[in-house]
Amino acid sequence: MRKLLLQLDSSPQPSVFDRVVALDGGADEVLSYGGVTPESIRDLVHGAIFTRGPKELHNTAIFIGGTDMSVGERLLAAVRKVFFGPLRVSVMLDSNGSNTTAVAAVAKLQQAAGNMQDRRAMITAGTGPVGLRAAGLLAQAGADVAVTSRSPHAGIQAVDAIRQRFGTTVRAVTMSDRSHAAARLEGAELLLNTGLAGVCLVPRDAWVGRAGLRVAADLNAVPPLGVEGIEVHDDGVVRDGVKVFGALAVGKLKMKIHKACITRLFGHNDLVLDAETIAEIARDLLMPRG
Amino acid sequence: MRKLLLQLDSSPQPSVFDRVVALDGGADEVLSYGGVTPESIRDLVHGAIFTRGPKELHNTAIFIGGTDMSVGERLLAAVRKVFFGPLRVSVMLDSNGSNTTAVAAVAKLQQAAGNMQDRRAMITAGTGPVGLRAAGLLAQAGADVAVTSRSPHAGIQAVDAIRQRFGTTVRAVTMSDRSHAAARLEGAELLLNTGLAGVCLVPRDAWVGRAGLRVAADLNAVPPLGVEGIEVHDDGVVRDGVKVFGALAVGKLKMKIHKACITRLFGHNDLVLDAETIAEIARDLLMPRG
Amino acid sequence: MRKLLLQLDSSPQPSVFDRVVALDGGADEVLSYGGVTPESIRDLVHGAIFTRGPKELHNTAIFIGGTDMSVGERLLAAVRKVFFGPLRVSVMLDSNGSNTTAVAAVAKLQQAAGNMQDRRAMITAGTGPVGLRAAGLLAQAGADVAVTSRSPHAGIQAVDAIRQRFGTTVRAVTMSDRSHAAARLEGAELLLNTGLAGVCLVPRDAWVGRAGLRVAADLNAVPPLGVEGIEVHDDGVVRDGVKVFGALAVGKLKMKIHKACITRLFGHNDLVLDAETIAEIARDLLMPRG
């Protein structure tokens, strides 16, 4: 029985990226749908859960993607509402790659810094979907997390969103532009930049030589890079006393995690792969048990 | 050479249900199109009949689906008009599952009641696509069929539609609500409910203890069920002297029939699977020849 | 690793024809997109080039189709702009089958007539995408090419388009209707009709018995045929001293070329299959080297 992945994408065209990774991750066929709304979920999911016997449903799974993570979250909620009893399939949420990217970034920080308990982590431009998820995961791991934003309002919203989604508390810090980066980084042990592609948010003199800073990662792969001095291929190299990770090194791990998640979906019919559960799969991948 | 099924669906999103059954029924690849109109048929069908040699065309087939059976019938007519000579492929019509559901319901009634000649059959809420097709098939098998509807007008339209499509005559009976079910069921030997999900049309006291009633089936799987006292999993169990079939038992047979039809499509390039031909496949499935 | 073809189609529904040929030509999976615009190219192509390692990218390829060749050309330009360095995949342009059809027609003429140098070739109704490409290819091969059009304006535009695209010079000849065909064909050694389906542009007395005419081909498969007296299945038969080719014979070669191109796409990650490169593949197909 073939492994079928139902790709539900909120964008008009279903992501090519997600389709290719799905096929390479072990799906035999991907059934791709674009422009998916919460209203269209019921019929689509019925087609996934009513076509095969309960014992065969681990061969069907659902992937939720699209450019907008908040829509993705609503789609996931709608999908779960359609399931009932054993009539369900495994489902993964990774709109815009936000979950797998956040998990990969956090995994790099954790591998480099070890125990996260009480570590002071700063996430610059941390109010987007990747930043929110990285912040939530780091806070759950015990870190003392601050996210920066240009406007105080966006910071307050981010703190609320993280509390609601992850049940953890983080701090919001306003950073109107890169000239304030040095002041904001005061005391930080971990630095993660999740700002826009092509925007430098942390100049070299804001982080080089800073006492206490141990690990820094940048998710911006488009020059000018987000943290000046970190190269896109840096994968744990030590620069000026700081272990650094560039966007392509994090991206490579993200791809491995994404593929491993697809593979995992088909082992069961009751998985819900969202930030925390994807983080568990990443841990298994990096530190295999047994 | 791979077996390709061209899925032409009149709804905006091509049915996931039909795609999964197609893959499980033996199609190697399903080429899915949503929002298909009679006007777009020509180019789509040309792509099916002009790409492979005449002797290879049994490896390509067409499935017509969507939520609206009347549109499906127009699509089927449009598809057949594009074929010419040996440049044709097998085609199946099953908009909203109406054909396979009607065939499965009729097959259950026939298996339980034997010869249909002159049997009095009542189809409650029988003016929808499943009801019309079940009525036509039962009438073709010799039964004396009546369909109920809330309005006299809908009943007249149903009788006309069945005469045109199946060349058989059925009677229309107005039944404004369930309080008239007992009176309307007078003399019925077979009862089939094709009413809306979640609507009870035949209360228990309308059918239990009724002299002459031998078989009853209900296609409504959502409580309150359509025929009070029939359970969704009932599959020929005798309740109060009547052999009864619930929606899930009929649905299970429907799935088998649907899959068998897909398999059959690829054996030839000239099949047209509509109600009657699907009924033949169901007979082969239930009573294998030889 | 499966061979994936990304089908980018400018028409609302991605071509069934192109999907089937892609699957038969060796693609394991076809990822089909309709309604593709230059603006949507970037994200689609990123999904093709960022999902697999550089050494695996020969297993991914792009096919550009749709009914409008001028849009197809813009899509191809947009696709190539997204590639950078080794992060690229092979790509084929064949909107409306224009490239493969033109190449097949020119290949038939060349096989029949040999060296094209200074041969006088007339392409009737040659201002459409197939005519333009056939004219450009013949001119590149050394022929003295004229294209006919009903309006002088269309002829001037065609000459410009061919110069820009192929860097060659052809002549434009106005032919308002078929009554002028005899006069226009004066001196022609090769005749190719690329006019509309169901329109006869060259009556029998315009070409039969004409001194110097050696080869004639007609791409119109719908009666009345374009060149009166050529049958659709003619494949190099001599009629009244002229070697003739009908639409289905050319079409058969076109299919072989199309399939061979798909197969070739997956051998490399840097091919750009447009008219000239498709013509090379056709030559290899017809006259295998070594």
# chains A, B, ... in the order shown; residues from 1 in each chain; ligands from 1
call {"tool": "interface_residues", "arguments": {"of": "chain B", "to": "chain A", "cutoff": "12 Å", "atoms": "only C-alpha atoms", "output": "ChimeraX atom specification"}}
result
/B:11-34,66-67,96-97,248,251-252,254-256,258-259
call {"tool": "residues_around", "arguments": {"residues": "B:Gly136", "least_positions_apart": "2", "cutoff": "10 Å", "atoms": "only C-alpha atoms", "output": "MDAnalysis selection string"}}
result
chainID B and resid 102 130:134 138:143 145 159 161:170 275:276
call {"tool": "write_last_selection", "arguments": {"atoms": "N, CA, C and O atoms", "output": "short mmCIF file (atom, residue, chain, number, x, y, z; two decimals), in the first residue's frame"}}
result
data_model
loop_
_atom_site.label_atom_id
_atom_site.label_comp_id
_atom_site.auth_asym_id
_atom_site.auth_seq_id
_atom_site.Cartn_x
_atom_site.Cartn_y
_atom_site.Cartn_z
N ALA B 102 -25.28 4.02 -5.10
CA ALA B 102 -26.57 3.47 -5.52
C ALA B 102 -26.43 2.00 -5.88
O ALA B 102 -27.27 1.16 -5.49
N VAL B 130 -28.31 9.76 -5.76
CA VAL B 130 -28.25 8.34 -5.37
C VAL B 130 -29.62 7.71 -5.50
O VAL B 130 -29.78 6.61 -6.04
N GLY B 131 -30.64 8.41 -5.02
CA GLY B 131 -32.00 7.88 -5.08
C GLY B 131 -32.45 7.63 -6.51
O GLY B 131 -33.01 6.57 -6.82
N LEU B 132 -32.19 8.59 -7.39
CA LEU B 132 -32.58 8.44 -8.79
C LEU B 132 -31.94 7.21 -9.42
O LEU B 132 -32.58 6.43 -10.13
N ARG B 133 -30.67 7.03 -9.12
CA ARG B 133 -29.95 5.92 -9.73
C ARG B 133 -30.38 4.58 -9.13
O ARG B 133 -30.55 3.59 -9.86
N ALA B 134 -30.60 4.56 -7.83
CA ALA B 134 -31.09 3.32 -7.21
C ALA B 134 -32.46 2.98 -7.77
O ALA B 134 -32.75 1.81 -8.09
N LEU B 138 -33.31 -0.45 -9.80
CA LEU B 138 -34.32 -1.38 -9.27
C LEU B 138 -35.44 -1.59 -10.30
O LEU B 138 -35.91 -2.72 -10.51
N ALA B 139 -35.86 -0.51 -10.92
CA ALA B 139 -36.93 -0.61 -11.92
C ALA B 139 -36.46 -1.45 -13.11
O ALA B 139 -37.21 -2.28 -13.63
N GLN B 140 -35.21 -1.26 -13.52
CA GLN B 140 -34.69 -2.07 -14.62
C GLN B 140 -34.66 -3.55 -14.25
O GLN B 140 -34.82 -4.43 -15.11
N ALA B 141 -34.48 -3.82 -12.95
CA ALA B 141 -34.46 -5.22 -12.50
C ALA B 141 -35.87 -5.78 -12.32
O ALA B 141 -36.04 -6.92 -11.91
N GLY B 142 -36.87 -4.97 -12.58
CA GLY B 142 -38.24 -5.47 -12.56
C GLY B 142 -39.07 -5.05 -11.37
O GLY B 142 -40.26 -5.37 -11.28
N ALA B 143 -38.47 -4.29 -10.45
CA ALA B 143 -39.21 -3.90 -9.25
C ALA B 143 -40.25 -2.81 -9.58
O ALA B 143 -40.13 -2.10 -10.58
N VAL B 145 -41.26 0.47 -8.31
CA VAL B 145 -40.52 1.42 -7.47
C VAL B 145 -41.32 2.71 -7.25
O VAL B 145 -41.90 3.26 -8.19
N VAL B 159 -39.40 11.39 -11.58
CA VAL B 159 -39.98 10.37 -12.48
C VAL B 159 -39.51 10.63 -13.92
O VAL B 159 -39.10 9.70 -14.63
N ALA B 161 -36.79 12.29 -14.86
CA ALA B 161 -35.35 12.08 -14.97
C ALA B 161 -35.03 10.59 -15.08
O ALA B 161 -34.18 10.18 -15.87
N ILE B 162 -35.74 9.79 -14.31
CA ILE B 162 -35.49 8.34 -14.33
C ILE B 162 -35.93 7.74 -15.66
O ILE B 162 -35.25 6.89 -16.23
N ARG B 163 -37.06 8.22 -16.17
CA ARG B 163 -37.51 7.71 -17.46
C ARG B 163 -36.50 8.04 -18.56
O ARG B 163 -36.14 7.19 -19.36
N GLN B 164 -36.02 9.27 -18.52
CA GLN B 164 -35.05 9.68 -19.55
C GLN B 164 -33.73 8.92 -19.44
O GLN B 164 -33.18 8.47 -20.43
N ARG B 165 -33.25 8.78 -18.22
CA ARG B 165 -31.92 8.20 -18.04
C ARG B 165 -31.94 6.68 -18.14
O ARG B 165 -31.04 6.06 -18.69
N PHE B 166 -33.01 6.04 -17.55
CA PHE B 166 -33.01 4.58 -17.46
C PHE B 166 -34.05 3.91 -18.35
O PHE B 166 -34.09 2.70 -18.48
N GLY B 167 -34.96 4.72 -18.92
CA GLY B 167 -36.00 4.15 -19.77
C GLY B 167 -36.99 3.31 -18.99
O GLY B 167 -37.60 2.38 -19.54
N THR B 168 -37.15 3.62 -17.73
CA THR B 168 -38.07 2.85 -16.90
C THR B 168 -39.04 3.81 -16.19
O THR B 168 -38.78 5.00 -16.09
N THR B 169 -40.14 3.23 -15.70
CA THR B 169 -41.16 4.04 -15.05
C THR B 169 -41.19 3.75 -13.56
O THR B 169 -41.20 2.59 -13.14
N VAL B 170 -41.20 4.81 -12.77
CA VAL B 170 -41.36 4.67 -11.32
C VAL B 170 -42.49 5.60 -10.90
O VAL B 170 -42.95 6.44 -11.67
N ALA B 275 -24.04 3.92 -14.16
CA ALA B 275 -24.83 3.10 -13.23
C ALA B 275 -24.94 1.62 -13.65
O ALA B 275 -24.56 0.72 -12.88
N GLU B 276 -25.43 1.35 -14.84
CA GLU B 276 -25.70 -0.04 -15.24
C GLU B 276 -24.43 -0.87 -15.35
O GLU B 276 -24.40 -2.03 -14.93
#
call {"tool": "atom_distance", "arguments": {"atom1": "atom CA of A:His58", "atom2": "atom CA of B:Asn59"}}
result
29.1 Å
call {"tool": "select_by_dssp", "arguments": {"residues": "stretch 74-115 of chain C", "states": "helix (DSSP H, G or I)", "output": "PDB file with C-alpha atoms, in the first residue's frame"}}
result
ATOM      1  CA  ARG C  74       9.104  34.974 -20.673  1.00  0.00           C
ATOM      2  CA  LEU C  75       8.772  32.114 -18.198  1.00  0.00           C
ATOM      3  CA  LEU C  76      11.991  30.566 -19.486  1.00  0.00           C
ATOM      4  CA  ALA C  77      13.827  33.867 -19.073  1.00  0.00           C
ATOM      5  CA  ALA C  78      12.451  34.175 -15.534  1.00  0.00           C
ATOM      6  CA  VAL C  79      13.495  30.613 -14.679  1.00  0.00           C
ATOM      7  CA  ARG C  80      17.049  31.167 -15.903  1.00  0.00           C
ATOM      8  CA  LYS C  81      17.323  34.345 -13.849  1.00  0.00           C
ATOM      9  CA  VAL C  82      16.621  32.388 -10.665  1.00  0.00           C
ATOM     10  CA  SER C  95       4.639  25.873 -25.184  1.00  0.00           C
ATOM     11  CA  ASN C  96       1.840  24.459 -27.313  1.00  0.00           C
ATOM     12  CA  GLY C  97       4.297  21.895 -28.645  1.00  0.00           C
ATOM     13  CA  SER C  98       5.699  24.604 -30.907  1.00  0.00           C
ATOM     14  CA  ASN C  99       9.350  23.721 -30.506  1.00  0.00           C
ATOM     15  CA  THR C 100       9.018  19.975 -30.942  1.00  0.00           C
ATOM     16  CA  THR C 101       6.568  20.406 -33.822  1.00  0.00           C
ATOM     17  CA  ALA C 102       8.781  22.893 -35.653  1.00  0.00           C
ATOM     18  CA  VAL C 103      11.837  20.715 -35.109  1.00  0.00           C
ATOM     19  CA  ALA C 104      10.012  17.624 -36.363  1.00  0.00           C
ATOM     20  CA  ALA C 105       8.796  19.419 -39.487  1.00  0.00           C
ATOM     21  CA  VAL C 106      12.237  20.811 -40.257  1.00  0.00           C
ATOM     22  CA  ALA C 107      13.806  17.394 -39.639  1.00  0.00           C
ATOM     23  CA  LYS C 108      11.445  15.824 -42.191  1.00  0.00           C
ATOM     24  CA  LEU C 109      12.300  18.498 -44.765  1.00  0.00           C
ATOM     25  CA  GLN C 110      16.010  18.071 -44.145  1.00  0.00           C
ATOM     26  CA  GLN C 111      15.898  14.296 -44.301  1.00  0.00           C
ATOM     27  CA  ALA C 112      14.103  14.507 -47.641  1.00  0.00           C
ATOM     28  CA  ALA C 113      16.029  17.370 -49.210  1.00  0.00           C
TER      29      ALA C 113
END
call {"tool": "closest_residue", "arguments": {"among": "A:Val89, A:Ala188, A:Ala279, A:Ala181", "to": "A:Ala146", "atoms": "only C-alpha atoms"}}
result
A:Ala188
call {"tool": "decode", "arguments": {"residues": "stretch 55-68 of chain A", "atoms": "N, CA, C and O atoms", "output": "PDB file, in the first residue's frame"}}
result
ATOM      1  N   LYS A  55      -6.509   0.161  10.171  1.00  0.00           N
ATOM      2  CA  LYS A  55      -5.152  -0.389  10.333  1.00  0.00           C
ATOM      3  C   LYS A  55      -4.216   0.024   9.208  1.00  0.00           C
ATOM      4  O   LYS A  55      -3.027  -0.261   9.242  1.00  0.00           O
ATOM      5  N   GLU A  56      -4.763   0.642   8.186  1.00  0.00           N
ATOM      6  CA  GLU A  56      -3.933   1.066   7.051  1.00  0.00           C
ATOM      7  C   GLU A  56      -3.639   2.566   7.077  1.00  0.00           C
ATOM      8  O   GLU A  56      -2.884   3.061   6.252  1.00  0.00           O
ATOM      9  N   LEU A  57      -4.248   3.263   8.035  1.00  0.00           N
ATOM     10  CA  LEU A  57      -4.170   4.733   7.997  1.00  0.00           C
ATOM     11  C   LEU A  57      -2.784   5.305   8.293  1.00  0.00           C
ATOM     12  O   LEU A  57      -2.539   6.488   8.042  1.00  0.00           O
ATOM     13  N   HIS A  58      -1.859   4.452   8.777  1.00  0.00           N
ATOM     14  CA  HIS A  58      -0.497   4.969   8.950  1.00  0.00           C
ATOM     15  C   HIS A  58       0.198   5.129   7.595  1.00  0.00           C
ATOM     16  O   HIS A  58       1.309   5.638   7.528  1.00  0.00           O
ATOM     17  N   ASN A  59      -0.454   4.695   6.522  1.00  0.00           N
ATOM     18  CA  ASN A  59       0.090   4.901   5.176  1.00  0.00           C
ATOM     19  C   ASN A  59      -0.411   6.188   4.523  1.00  0.00           C
ATOM     20  O   ASN A  59      -0.094   6.464   3.365  1.00  0.00           O
ATOM     21  N   THR A  60      -1.239   6.919   5.238  1.00  0.00           N
ATOM     22  CA  THR A  60      -1.727   8.213   4.760  1.00  0.00           C
ATOM     23  C   THR A  60      -1.318   9.257   5.797  1.00  0.00           C
ATOM     24  O   THR A  60      -1.345   8.975   6.991  1.00  0.00           O
ATOM     25  N   ALA A  61      -0.934  10.437   5.346  1.00  0.00           N
ATOM     26  CA  ALA A  61      -0.582  11.496   6.292  1.00  0.00           C
ATOM     27  C   ALA A  61      -0.884  12.849   5.665  1.00  0.00           C
ATOM     28  O   ALA A  61      -1.156  12.936   4.467  1.00  0.00           O
ATOM     29  N   ILE A  62      -0.855  13.867   6.505  1.00  0.00           N
ATOM     30  CA  ILE A  62      -1.185  15.223   6.054  1.00  0.00           C
ATOM     31  C   ILE A  62      -0.035  16.169   6.370  1.00  0.00           C
ATOM     32  O   ILE A  62       0.531  16.113   7.467  1.00  0.00           O
ATOM     33  N   PHE A  63       0.307  17.009   5.412  1.00  0.00           N
ATOM     34  CA  PHE A  63       1.299  18.052   5.620  1.00  0.00           C
ATOM     35  C   PHE A  63       0.634  19.401   5.396  1.00  0.00           C
ATOM     36  O   PHE A  63       0.023  19.631   4.355  1.00  0.00           O
ATOM     37  N   ILE A  64       0.772  20.299   6.366  1.00  0.00           N
ATOM     38  CA  ILE A  64       0.191  21.636   6.247  1.00  0.00           C
ATOM     39  C   ILE A  64       1.294  22.655   6.024  1.00  0.00           C
ATOM     40  O   ILE A  64       2.221  22.763   6.820  1.00  0.00           O
ATOM     41  N   GLY A  65       1.203  23.375   4.904  1.00  0.00           N
ATOM     42  CA  GLY A  65       2.208  24.380   4.581  1.00  0.00           C
ATOM     43  C   GLY A  65       1.585  25.653   4.048  1.00  0.00           C
ATOM     44  O   GLY A  65       0.372  25.856   4.152  1.00  0.00           O
ATOM     45  N   GLY A  66       2.430  26.480   3.457  1.00  0.00           N
ATOM     46  CA  GLY A  66       1.977  27.772   2.937  1.00  0.00           C
ATOM     47  C   GLY A  66       2.858  28.865   3.501  1.00  0.00           C
ATOM     48  O   GLY A  66       3.655  28.615   4.398  1.00  0.00           O
ATOM     49  N   THR A  67       2.702  30.064   2.994  1.00  0.00           N
ATOM     50  CA  THR A  67       3.615  31.118   3.435  1.00  0.00           C
ATOM     51  C   THR A  67       3.215  31.714   4.780  1.00  0.00           C
ATOM     52  O   THR A  67       4.022  32.388   5.410  1.00  0.00           O
ATOM     53  N   ASP A  68       1.993  31.482   5.232  1.00  0.00           N
ATOM     54  CA  ASP A  68       1.504  32.156   6.440  1.00  0.00           C
ATOM     55  C   ASP A  68       1.281  31.166   7.577  1.00  0.00           C
ATOM     56  O   ASP A  68       0.372  30.350   7.551  1.00  0.00           O
TER      57      ASP A  68
END
